>>> print(open('structure-v6.cif').read())   # mmCIF, C-alpha atoms and all ligand atoms
data_target
#
loop_
_atom_site.label_atom_id
_atom_site.label_comp_id
_atom_site.auth_asym_id
_atom_site.auth_seq_id
_atom_site.Cartn_x
_atom_site.Cartn_y
_atom_site.Cartn_z
CA MET A 1 2.43 34.34 -167.58
CA SER A 2 2.51 36.40 -164.40
CA ILE A 3 5.43 38.59 -163.50
CA ALA A 4 5.92 36.56 -160.30
CA ALA A 5 7.13 33.67 -162.46
CA TYR A 6 10.32 35.64 -163.17
CA GLN A 7 11.22 35.90 -159.48
CA PRO A 8 13.49 32.81 -159.29
CA LEU A 9 15.53 33.96 -162.30
CA CYS A 10 15.83 37.45 -160.84
CA GLU A 11 17.02 36.03 -157.54
CA ARG A 12 19.57 33.87 -159.29
CA LEU A 13 20.92 36.82 -161.28
CA GLY A 14 20.63 39.40 -158.50
CA LEU A 15 18.12 41.54 -160.40
CA ASP A 16 15.43 43.74 -158.87
CA SER A 17 12.24 41.86 -159.79
CA GLY A 18 10.15 44.95 -159.02
CA ASP A 19 11.47 46.77 -162.07
CA LEU A 20 11.30 44.49 -165.09
CA PRO A 21 10.69 45.44 -168.77
CA TYR A 22 7.79 43.01 -168.78
CA THR A 23 5.00 42.98 -171.38
CA PRO A 24 2.27 40.37 -170.85
CA ASP A 25 2.12 37.86 -173.72
CA TRP A 26 5.13 39.42 -175.44
CA SER A 27 8.00 38.98 -172.99
CA ALA A 28 10.03 35.80 -173.30
CA ALA A 29 8.79 33.18 -170.86
CA PRO A 30 10.94 32.22 -167.86
CA ASP A 31 11.71 28.78 -169.29
CA PHE A 32 13.19 30.33 -172.46
CA LEU A 33 15.12 32.89 -170.42
CA GLN A 34 16.46 30.07 -168.25
CA LEU A 35 17.89 28.34 -171.33
CA ILE A 36 19.67 31.41 -172.69
CA VAL A 37 20.90 32.49 -169.25
CA ASP A 38 22.34 29.01 -168.61
CA HIS A 39 24.09 29.15 -171.98
CA ALA A 40 25.43 32.67 -171.45
CA LEU A 41 26.75 31.94 -167.96
CA THR A 42 28.34 28.64 -169.04
CA HIS A 43 29.87 29.70 -172.36
CA LYS A 44 30.56 33.37 -171.57
CA PRO A 45 29.98 34.64 -175.13
CA ALA A 46 31.93 37.77 -176.07
CA VAL A 47 29.39 38.97 -178.65
CA ILE A 48 25.67 38.37 -178.19
CA VAL A 49 23.12 39.63 -180.72
CA GLU A 50 19.40 39.47 -180.08
CA CYS A 51 16.40 40.28 -182.27
CA GLY A 52 13.62 41.83 -180.18
CA SER A 53 14.35 43.62 -176.91
CA GLY A 54 12.84 43.44 -173.44
CA MET A 55 13.29 40.84 -170.70
CA THR A 56 15.87 38.98 -172.76
CA THR A 57 17.96 42.17 -172.93
CA LEU A 58 17.98 42.72 -169.19
CA MET A 59 18.83 39.10 -168.39
CA LEU A 60 21.59 38.81 -171.00
CA ALA A 61 23.15 42.15 -170.06
CA ARG A 62 23.21 40.94 -166.45
CA CYS A 63 24.91 37.72 -167.60
CA CYS A 64 27.64 39.82 -169.25
CA ALA A 65 28.11 41.71 -165.99
CA LEU A 66 28.31 38.48 -163.98
CA ASN A 67 30.71 36.99 -166.54
CA GLY A 68 32.95 40.04 -166.27
CA GLY A 69 32.86 40.47 -170.06
CA GLY A 70 30.83 40.18 -173.19
CA HIS A 71 28.44 42.63 -174.81
CA LEU A 72 24.85 42.38 -175.94
CA TYR A 73 23.70 44.06 -179.14
CA SER A 74 19.91 44.21 -179.27
CA LEU A 75 18.06 44.90 -182.53
CA GLU A 76 14.70 46.54 -181.85
CA ASN A 77 12.42 47.87 -184.58
CA GLY A 78 10.11 49.83 -182.29
CA ALA A 79 11.51 53.22 -181.22
CA ASP A 80 9.43 53.22 -178.03
CA TYR A 81 10.35 49.65 -177.15
CA ALA A 82 14.01 50.46 -177.73
CA ALA A 83 13.79 53.51 -175.45
CA ASN A 84 11.94 51.57 -172.73
CA THR A 85 14.41 48.70 -172.78
CA ARG A 86 17.37 51.09 -172.78
CA ALA A 87 15.95 52.89 -169.76
CA ALA A 88 15.28 49.63 -167.91
CA VAL A 89 18.79 48.36 -168.53
CA ALA A 90 20.22 51.70 -167.33
CA ARG A 91 18.13 51.60 -164.12
CA HIS A 92 19.66 48.20 -163.39
CA GLY A 93 23.17 49.62 -163.89
CA LEU A 94 23.77 47.47 -166.97
CA ALA A 95 24.04 50.10 -169.71
CA GLN A 96 27.72 49.43 -170.35
CA HIS A 97 27.01 45.79 -171.16
CA SER A 98 24.43 46.40 -173.85
CA SER A 99 23.72 48.43 -176.97
CA ILE A 100 20.04 48.64 -177.79
CA ILE A 101 19.91 49.55 -181.45
CA HIS A 102 16.77 51.09 -182.87
CA ALA A 103 16.76 49.22 -186.17
CA PRO A 104 13.58 49.90 -188.17
CA LEU A 105 12.44 47.10 -190.46
CA ARG A 106 13.41 47.51 -194.10
CA PRO A 107 12.77 45.42 -197.21
CA TYR A 108 15.04 42.53 -198.18
CA THR A 109 14.61 39.97 -200.97
CA LEU A 110 15.89 36.52 -200.05
CA ASP A 111 15.69 33.55 -202.38
CA GLY A 112 13.12 35.44 -204.46
CA ARG A 113 10.84 36.30 -201.54
CA ASP A 114 10.31 39.71 -199.96
CA TYR A 115 10.69 40.27 -196.22
CA GLN A 116 10.76 43.13 -193.75
CA TRP A 117 13.64 42.74 -191.34
CA TYR A 118 15.86 44.85 -189.10
CA ASP A 119 18.17 47.29 -190.80
CA VAL A 120 21.51 45.80 -189.80
CA GLU A 121 23.61 48.71 -191.07
CA GLN A 122 24.27 49.85 -187.53
CA LEU A 123 25.21 46.39 -186.28
CA THR A 124 28.98 46.57 -186.27
CA THR A 125 30.13 43.73 -184.06
CA GLY A 126 32.86 41.15 -184.08
CA ALA A 127 31.88 37.56 -184.83
CA ILE A 128 28.63 36.65 -183.11
CA ASP A 129 28.99 33.92 -180.46
CA LEU A 130 25.34 33.79 -179.38
CA LEU A 131 22.29 34.79 -181.45
CA ILE A 132 18.86 35.06 -179.82
CA ILE A 133 15.87 35.36 -182.15
CA ASP A 134 12.67 36.68 -180.53
CA GLY A 135 11.47 39.10 -183.21
CA PRO A 136 10.25 40.66 -185.39
CA PRO A 137 6.63 39.89 -184.45
CA GLY A 138 4.92 37.12 -186.37
CA PHE A 139 2.02 39.30 -187.49
CA ILE A 140 4.30 41.33 -189.76
CA GLN A 141 4.69 38.58 -192.38
CA LYS A 142 4.95 34.88 -192.96
CA HIS A 143 8.23 33.42 -191.69
CA SER A 144 8.99 36.71 -189.96
CA ARG A 145 12.12 35.42 -188.25
CA TYR A 146 13.54 33.55 -191.26
CA PRO A 147 15.85 36.38 -192.46
CA ALA A 148 17.92 36.19 -189.27
CA LEU A 149 20.05 33.33 -190.48
CA PRO A 150 20.62 34.29 -194.13
CA LEU A 151 21.28 37.92 -193.19
CA LEU A 152 23.57 37.26 -190.22
CA ARG A 153 25.14 33.94 -191.14
CA GLU A 154 28.39 35.38 -192.41
CA ARG A 155 28.78 37.26 -189.14
CA LEU A 156 28.43 34.17 -186.93
CA ALA A 157 31.46 32.83 -185.10
CA ASP A 158 32.51 29.30 -186.03
CA ASP A 159 31.09 27.96 -182.77
CA CYS A 160 27.99 30.16 -182.64
CA THR A 161 24.80 28.94 -180.97
CA VAL A 162 21.40 30.24 -182.08
CA PHE A 163 18.27 30.18 -179.89
CA MET A 164 14.84 30.97 -181.32
CA ASP A 165 11.80 31.50 -179.10
CA ASP A 166 8.23 30.49 -180.05
CA ALA A 167 9.52 27.54 -182.05
CA ALA A 168 6.33 25.54 -181.39
CA ARG A 169 4.39 27.74 -183.82
CA PRO A 170 3.81 26.27 -187.27
CA ASP A 171 5.48 29.27 -188.92
CA GLU A 172 8.62 28.87 -186.86
CA ARG A 173 8.70 25.10 -187.40
CA GLU A 174 8.63 25.73 -191.15
CA LEU A 175 11.35 28.32 -191.09
CA VAL A 176 13.66 26.08 -189.05
CA GLY A 177 13.19 23.56 -191.85
CA MET A 178 14.20 26.23 -194.37
CA TRP A 179 17.33 27.01 -192.35
CA LEU A 180 18.32 23.36 -192.11
CA GLU A 181 17.97 22.94 -195.86
CA GLU A 182 20.35 25.84 -196.31
CA VAL A 183 22.77 24.81 -193.55
CA PRO A 184 22.50 21.02 -193.29
CA ALA A 185 25.56 20.83 -191.05
CA ALA A 186 23.85 22.87 -188.31
CA ARG A 187 22.88 20.70 -185.35
CA HIS A 188 19.26 21.32 -184.42
CA GLU A 189 17.70 20.62 -181.04
CA TYR A 190 14.08 21.33 -180.18
CA ILE A 191 13.17 22.02 -176.55
CA ALA A 192 9.49 21.39 -175.86
CA ASN A 193 9.06 24.12 -173.27
CA GLU A 194 6.03 26.43 -173.00
CA ARG A 195 6.41 28.08 -176.42
CA GLY A 196 9.06 25.83 -177.91
CA CYS A 197 12.73 26.69 -178.36
CA ALA A 198 14.84 25.89 -181.40
CA ILE A 199 18.57 25.63 -180.81
CA LEU A 200 20.98 25.56 -183.72
CA ARG A 201 24.59 24.80 -183.02
CA MET A 202 26.68 26.15 -185.87
CA THR A 203 29.80 24.45 -184.58
CA ASP A 204 31.57 23.15 -187.68
CA ALA A 205 34.40 25.38 -188.75
CA GLY A 206 33.48 27.11 -191.98
CA ILE A 207 29.77 26.35 -191.73
CA ASN A 208 28.93 30.02 -191.85
CA ARG A 209 31.00 31.00 -194.84
C1 LIG B 301 8.42 38.78 -178.73
S1 LIG B 301 8.72 40.48 -178.59
C2 LIG B 301 10.36 40.51 -177.88
C3 LIG B 301 10.36 40.19 -176.46
C4 LIG B 301 11.68 40.36 -175.77
N1 LIG B 301 12.70 39.53 -176.30
C5 LIG B 301 11.44 40.07 -174.30
O1 LIG B 301 11.91 39.07 -173.82
O2 LIG B 301 10.74 40.87 -173.69
C6 LIG B 301 9.08 40.92 -180.25
C7 LIG B 301 8.85 42.37 -180.57
O3 LIG B 301 7.48 42.67 -180.44
C8 LIG B 301 7.32 44.05 -180.20
N2 LIG B 301 6.40 44.15 -179.06
C9 LIG B 301 6.67 44.00 -177.76
N3 LIG B 301 5.56 44.15 -177.03
C10 LIG B 301 4.55 44.41 -177.89
C11 LIG B 301 3.15 44.66 -177.76
N4 LIG B 301 2.58 44.69 -176.57
N5 LIG B 301 2.44 44.89 -178.89
C12 LIG B 301 3.02 44.87 -180.11
N6 LIG B 301 4.35 44.63 -180.30
C13 LIG B 301 5.10 44.40 -179.21
C14 LIG B 301 8.70 44.64 -179.94
O4 LIG B 301 9.15 45.30 -181.11
C15 LIG B 301 9.53 43.39 -179.70
O5 LIG B 301 10.86 43.53 -180.09
#
>>> encode(input="structure-v6.cif", output="structure tokens")
Amino acid sequence: MSIAAYQPLCERLGLDSGDLPYTPDWSAAPDFLQLIVDHALTHKPAVIVECGSGMTTLMLARCCALNGGGHLYSLENGADYAANTRAAVARHGLAQHSSIIHAPLRPYTLDGRDYQWYDVEQLTTGAIDLLIIDGPPGFIQKHSRYPALPLLRERLADDCTVFMDDAARPDERELVGMWLEEVPAARHEYIANERGCAILRMTDAGINR
């Protein structure tokens, strides 16, 4: 994916496309960003949490600015990535719309299995309206992104929407199945874009309790 592919989104959001926190092969693709930007601008979420910072952070912080409200909390396990994303967001004048939290991975045991996932101690938000899952990296462990739902579920708003990037990968397909077994009332939609996007609409009152 070349950086030029982000130009239309930048134009739409009024972002300087010459100064993007872009990492080849690691940044979310424009078609995933388009989905989450459309959602954020339409639904104007008050509390957004994302796992894995970078292009998603910049775009979502800009959505909060355009919406005139809302705040993005970004969990980032890499200290350098957190610092780079924080600096990029500040250069775009969006620091007040986002909190980039350096959250090192720590051990959790879920359903008898061990995982490394973000330390969520510092995540002190109100109910989460929009959850974006684009980390931790898949090489860390099998089902690397699985802990997001069990660990954050009780913090989700009753009408929360969850987007997960890279959902075309076998690992991510499996973990969506695990989530749906645990939360059968969640409405799942799969978008067959470049890397696949899983959308879970947790819209039934009480589903997250
Ligand atoms: C898929 S990336 C997150 C991308 C981010 N949401 C974006 O749109 O740019 C997941 C995580 O991988 C790590 N990461 C990013 N670039 C990397 C690289 N070049 N090598 C290794 N890890 C990287 C960071 O910790 C990041 O949070």
>>> atom_distance(input="structure-v6.cif", atom1="atom C4 of ligand LIG 301 (chain B)", atom2="atom CA of A:Leu75")
10.3 Å
>>> axis_aligned_box(input="structure-v6.cif", around="stretch 67-70 of chain A", padding_each_side="3 Å", output="lines of an AutoDock Vina configuration file")
center_x = 31.8
center_y = 38.7
center_z = -169.7
size_x = 8.2
size_y = 9.5
size_z = 12.9
>>> residues_around(input="structure-v6.cif", residues="A:Ala40", least_positions_apart="3", cutoff="12 Å", atoms="all atoms listed in the file", output="count of residues only")
36
>>> closest_atom_pairs(input="structure-v6.cif", of="chain A", to="ligand LIG 301 (chain B)", cutoff="7 Å", atoms="all atoms listed in the file", output="Markdown table")
| residue | atom | partner | partner_atom | distance |
| --- | --- | --- | --- | --- |
| A:Pro21 | CA | B:LIG301 | O2 | 6.7 |
| A:Tyr22 | CA | B:LIG301 | O2 | 6.1 |
| A:Thr23 | CA | B:LIG301 | N3 | 5.8 |
| A:Trp26 | CA | B:LIG301 | C1 | 4.7 |
| A:Ser27 | CA | B:LIG301 | O2 | 3.4 |
| A:Ala28 | CA | B:LIG301 | O1 | 3.8 |
| A:Cys51 | CA | B:LIG301 | O5 | 6.8 |
| A:Gly52 | CA | B:LIG301 | O5 | 3.2 |
| A:Ser53 | CA | B:LIG301 | C4 | 4.4 |
| A:Gly54 | CA | B:LIG301 | O2 | 3.3 |
| A:Met55 | CA | B:LIG301 | O1 | 3.8 |
| A:Thr56 | CA | B:LIG301 | O1 | 4.1 |
| A:Thr57 | CA | B:LIG301 | N1 | 6.8 |
| A:Glu76 | CA | B:LIG301 | O5 | 5.2 |
| A:Asn77 | CA | B:LIG301 | O4 | 5.4 |
| A:Gly78 | CA | B:LIG301 | O4 | 4.8 |
| A:Tyr81 | CA | B:LIG301 | C14 | 6.0 |
| A:Asp134 | CA | B:LIG301 | C1 | 5.1 |
| A:Gly135 | CA | B:LIG301 | C6 | 4.2 |
| A:Pro136 | CA | B:LIG301 | C6 | 5.3 |
| A:Pro137 | CA | B:LIG301 | O3 | 5.0 |
>>> closest_residue(input="structure-v6.cif", among="A:Arg91, A:His97, A:Arg153, A:Arg169", to="A:Glu194", atoms="only C-alpha atoms")
A:Arg169
>>> residues_around(input="structure-v6.cif", residues="A:Gly138", least_positions_apart="5", cutoff="12 Å", atoms="only C-alpha atoms", output="ChimeraX atom specification")
/A:26,52,115-117,133,143-146,165-167,169-172,175
>>> atom_distance(input="structure-v6.cif", atom1="atom CA of A:Ala148", atom2="atom CA of A:Glu121")
13.9 Å
>>> closest_residue(input="structure-v6.cif", among="A:Arg201, A:Tyr190, A:Asp119, A:Pro24", to="A:Ala157", atoms="all atoms listed in the file")
A:Arg201
>>> closest_residue(input="structure-v6.cif", among="A:Ile128, A:Leu123, A:Ile191, A:Pro147", to="A:Pro107", atoms="only C-alpha atoms")
A:Pro147
>>> atom_distance(input="structure-v6.cif", atom1="atom CA of A:Met178", atom2="atom CA of A:Phe32")
22.3 Å
>>> closest_residue(input="structure-v6.cif", among="A:Ala79, A:Met1, A:Leu15, A:Ala29", to="A:Ala103", atoms="all atoms listed in the file")
A:Ala79
>>> closest_residue(input="structure-v6.cif", among="A:Glu50, A:Leu149, A:Leu156, A:Ile199", to="A:Glu182", atoms="all atoms listed in the file")
A:Leu149
>>> closest_residue(input="structure-v6.cif", among="A:Leu151, A:Met202, A:Ala168, A:Ile3", to="A:Asp111", atoms="all atoms listed in the file")
A:Leu151
>>> decode(input="structure-v6.cif", residues="stretch 53-171 of chain A", atoms="C-alpha atoms", output="short mmCIF file (atom, residue, chain, number, x, y, z; two decimals), in the first residue's frame")
data_model
loop_
_atom_site.label_atom_id
_atom_site.label_comp_id
_atom_site.auth_asym_id
_atom_site.auth_seq_id
_atom_site.Cartn_x
_atom_site.Cartn_y
_atom_site.Cartn_z
CA SER A 53 -1.86 3.27 17.35
CA GLY A 54 -0.84 5.00 14.14
CA MET A 55 -2.94 6.07 11.16
CA THR A 56 -6.14 5.00 12.90
CA THR A 57 -5.30 7.36 15.78
CA LEU A 58 -4.81 10.38 13.56
CA MET A 59 -7.98 9.75 11.56
CA LEU A 60 -10.17 9.08 14.59
CA ALA A 61 -8.83 12.07 16.52
CA ARG A 62 -9.64 14.20 13.49
CA CYS A 63 -13.17 12.75 13.44
CA CYS A 64 -13.60 13.84 17.08
CA ALA A 65 -12.47 17.35 16.12
CA LEU A 66 -14.88 17.46 13.17
CA ASN A 67 -17.69 16.10 15.36
CA GLY A 68 -17.04 18.80 17.94
CA GLY A 69 -16.78 16.15 20.67
CA GLY A 70 -15.67 12.69 21.57
CA HIS A 71 -12.29 11.41 22.72
CA LEU A 72 -10.01 8.68 21.49
CA TYR A 73 -8.09 6.50 23.93
CA SER A 74 -5.36 4.58 22.14
CA LEU A 75 -3.66 1.56 23.74
CA GLU A 76 -0.14 1.13 22.40
CA ASN A 77 2.33 -1.42 23.76
CA GLY A 78 5.41 0.00 22.05
CA ALA A 79 6.90 3.03 23.85
CA ASP A 80 8.44 4.34 20.61
CA TYR A 81 5.25 3.83 18.61
CA ALA A 82 3.28 5.60 21.34
CA ALA A 83 5.69 8.56 21.28
CA ASN A 84 5.65 8.76 17.48
CA THR A 85 1.87 8.66 17.28
CA ARG A 86 1.54 11.22 20.07
CA ALA A 87 3.91 13.55 18.24
CA ALA A 88 2.08 13.11 14.93
CA VAL A 89 -1.29 13.83 16.50
CA ALA A 90 0.15 16.94 18.19
CA ARG A 91 1.62 18.22 14.90
CA HIS A 92 -1.86 17.99 13.40
CA GLY A 93 -3.29 20.01 16.30
CA LEU A 94 -5.35 17.07 17.56
CA ALA A 95 -3.72 16.37 20.93
CA GLN A 96 -6.77 17.43 22.92
CA HIS A 97 -8.92 14.83 21.18
CA SER A 98 -6.77 11.83 21.98
CA SER A 99 -4.91 10.09 24.78
CA ILE A 100 -2.22 7.75 23.54
CA ILE A 101 -1.58 5.40 26.42
CA HIS A 102 1.67 3.47 26.56
CA ALA A 103 0.24 0.18 27.79
CA PRO A 104 2.88 -2.58 27.85
CA LEU A 105 1.59 -6.10 27.33
CA ARG A 106 1.12 -8.12 30.50
CA PRO A 107 -0.03 -11.68 31.17
CA TYR A 108 -3.71 -12.57 31.48
CA THR A 109 -5.34 -16.01 31.79
CA LEU A 110 -8.68 -16.25 30.02
CA ASP A 111 -10.74 -19.42 29.92
CA GLY A 112 -7.66 -21.38 30.98
CA ARG A 113 -5.38 -19.97 28.29
CA ASP A 114 -2.51 -17.53 28.74
CA TYR A 115 -2.27 -14.32 26.71
CA GLN A 116 -0.19 -11.17 26.59
CA TRP A 117 -2.40 -8.13 26.25
CA TYR A 118 -2.37 -4.41 27.00
CA ASP A 119 -2.26 -3.40 30.63
CA VAL A 120 -5.62 -1.67 30.90
CA GLU A 121 -5.02 -0.24 34.38
CA GLN A 122 -4.56 3.22 32.93
CA LEU A 123 -7.67 3.04 30.76
CA THR A 124 -10.15 5.01 32.80
CA THR A 125 -12.93 5.93 30.41
CA GLY A 126 -16.68 6.11 30.48
CA ALA A 127 -18.61 3.44 28.59
CA ILE A 128 -16.95 2.68 25.26
CA ASP A 129 -19.09 3.57 22.23
CA LEU A 130 -16.63 2.48 19.54
CA LEU A 131 -13.85 -0.11 19.88
CA ILE A 132 -11.23 -0.50 17.15
CA ILE A 133 -9.00 -3.57 17.33
CA ASP A 134 -5.79 -3.39 15.27
CA GLY A 135 -3.29 -4.86 17.73
CA PRO A 136 -1.38 -6.38 19.40
CA PRO A 137 0.61 -7.83 16.47
CA GLY A 138 -0.25 -11.37 15.42
CA PHE A 139 3.30 -12.65 15.82
CA ILE A 140 3.11 -12.27 19.61
CA GLN A 141 0.79 -15.25 20.13
CA LYS A 142 -2.06 -17.23 18.70
CA HIS A 143 -5.36 -15.31 18.78
CA SER A 144 -3.48 -12.17 19.73
CA ARG A 145 -6.53 -9.93 19.53
CA TYR A 146 -8.94 -12.28 21.31
CA PRO A 147 -8.54 -10.74 24.80
CA ALA A 148 -10.03 -7.43 23.63
CA LEU A 149 -13.60 -8.56 24.04
CA PRO A 150 -13.40 -10.53 27.30
CA LEU A 151 -11.23 -7.86 28.92
CA LEU A 152 -13.20 -4.82 27.76
CA ARG A 153 -16.71 -6.22 27.44
CA GLU A 154 -17.97 -4.88 30.74
CA ARG A 155 -16.80 -1.43 29.73
CA LEU A 156 -18.70 -1.37 26.44
CA ALA A 157 -21.73 0.89 26.06
CA ASP A 158 -25.01 -0.87 25.37
CA ASP A 159 -24.90 0.21 21.74
CA CYS A 160 -21.17 -0.24 21.20
CA THR A 161 -19.78 -1.16 17.78
CA VAL A 162 -16.52 -3.09 17.45
CA PHE A 163 -14.33 -3.06 14.32
CA MET A 164 -11.42 -5.47 13.93
CA ASP A 165 -8.87 -5.11 11.13
CA ASP A 166 -7.15 -8.06 9.39
CA ALA A 167 -10.21 -10.22 9.86
CA ALA A 168 -9.42 -12.23 6.71
CA ARG A 169 -6.56 -14.00 8.49
CA PRO A 170 -7.31 -17.51 9.75
CA ASP A 171 -6.36 -16.53 13.30
#
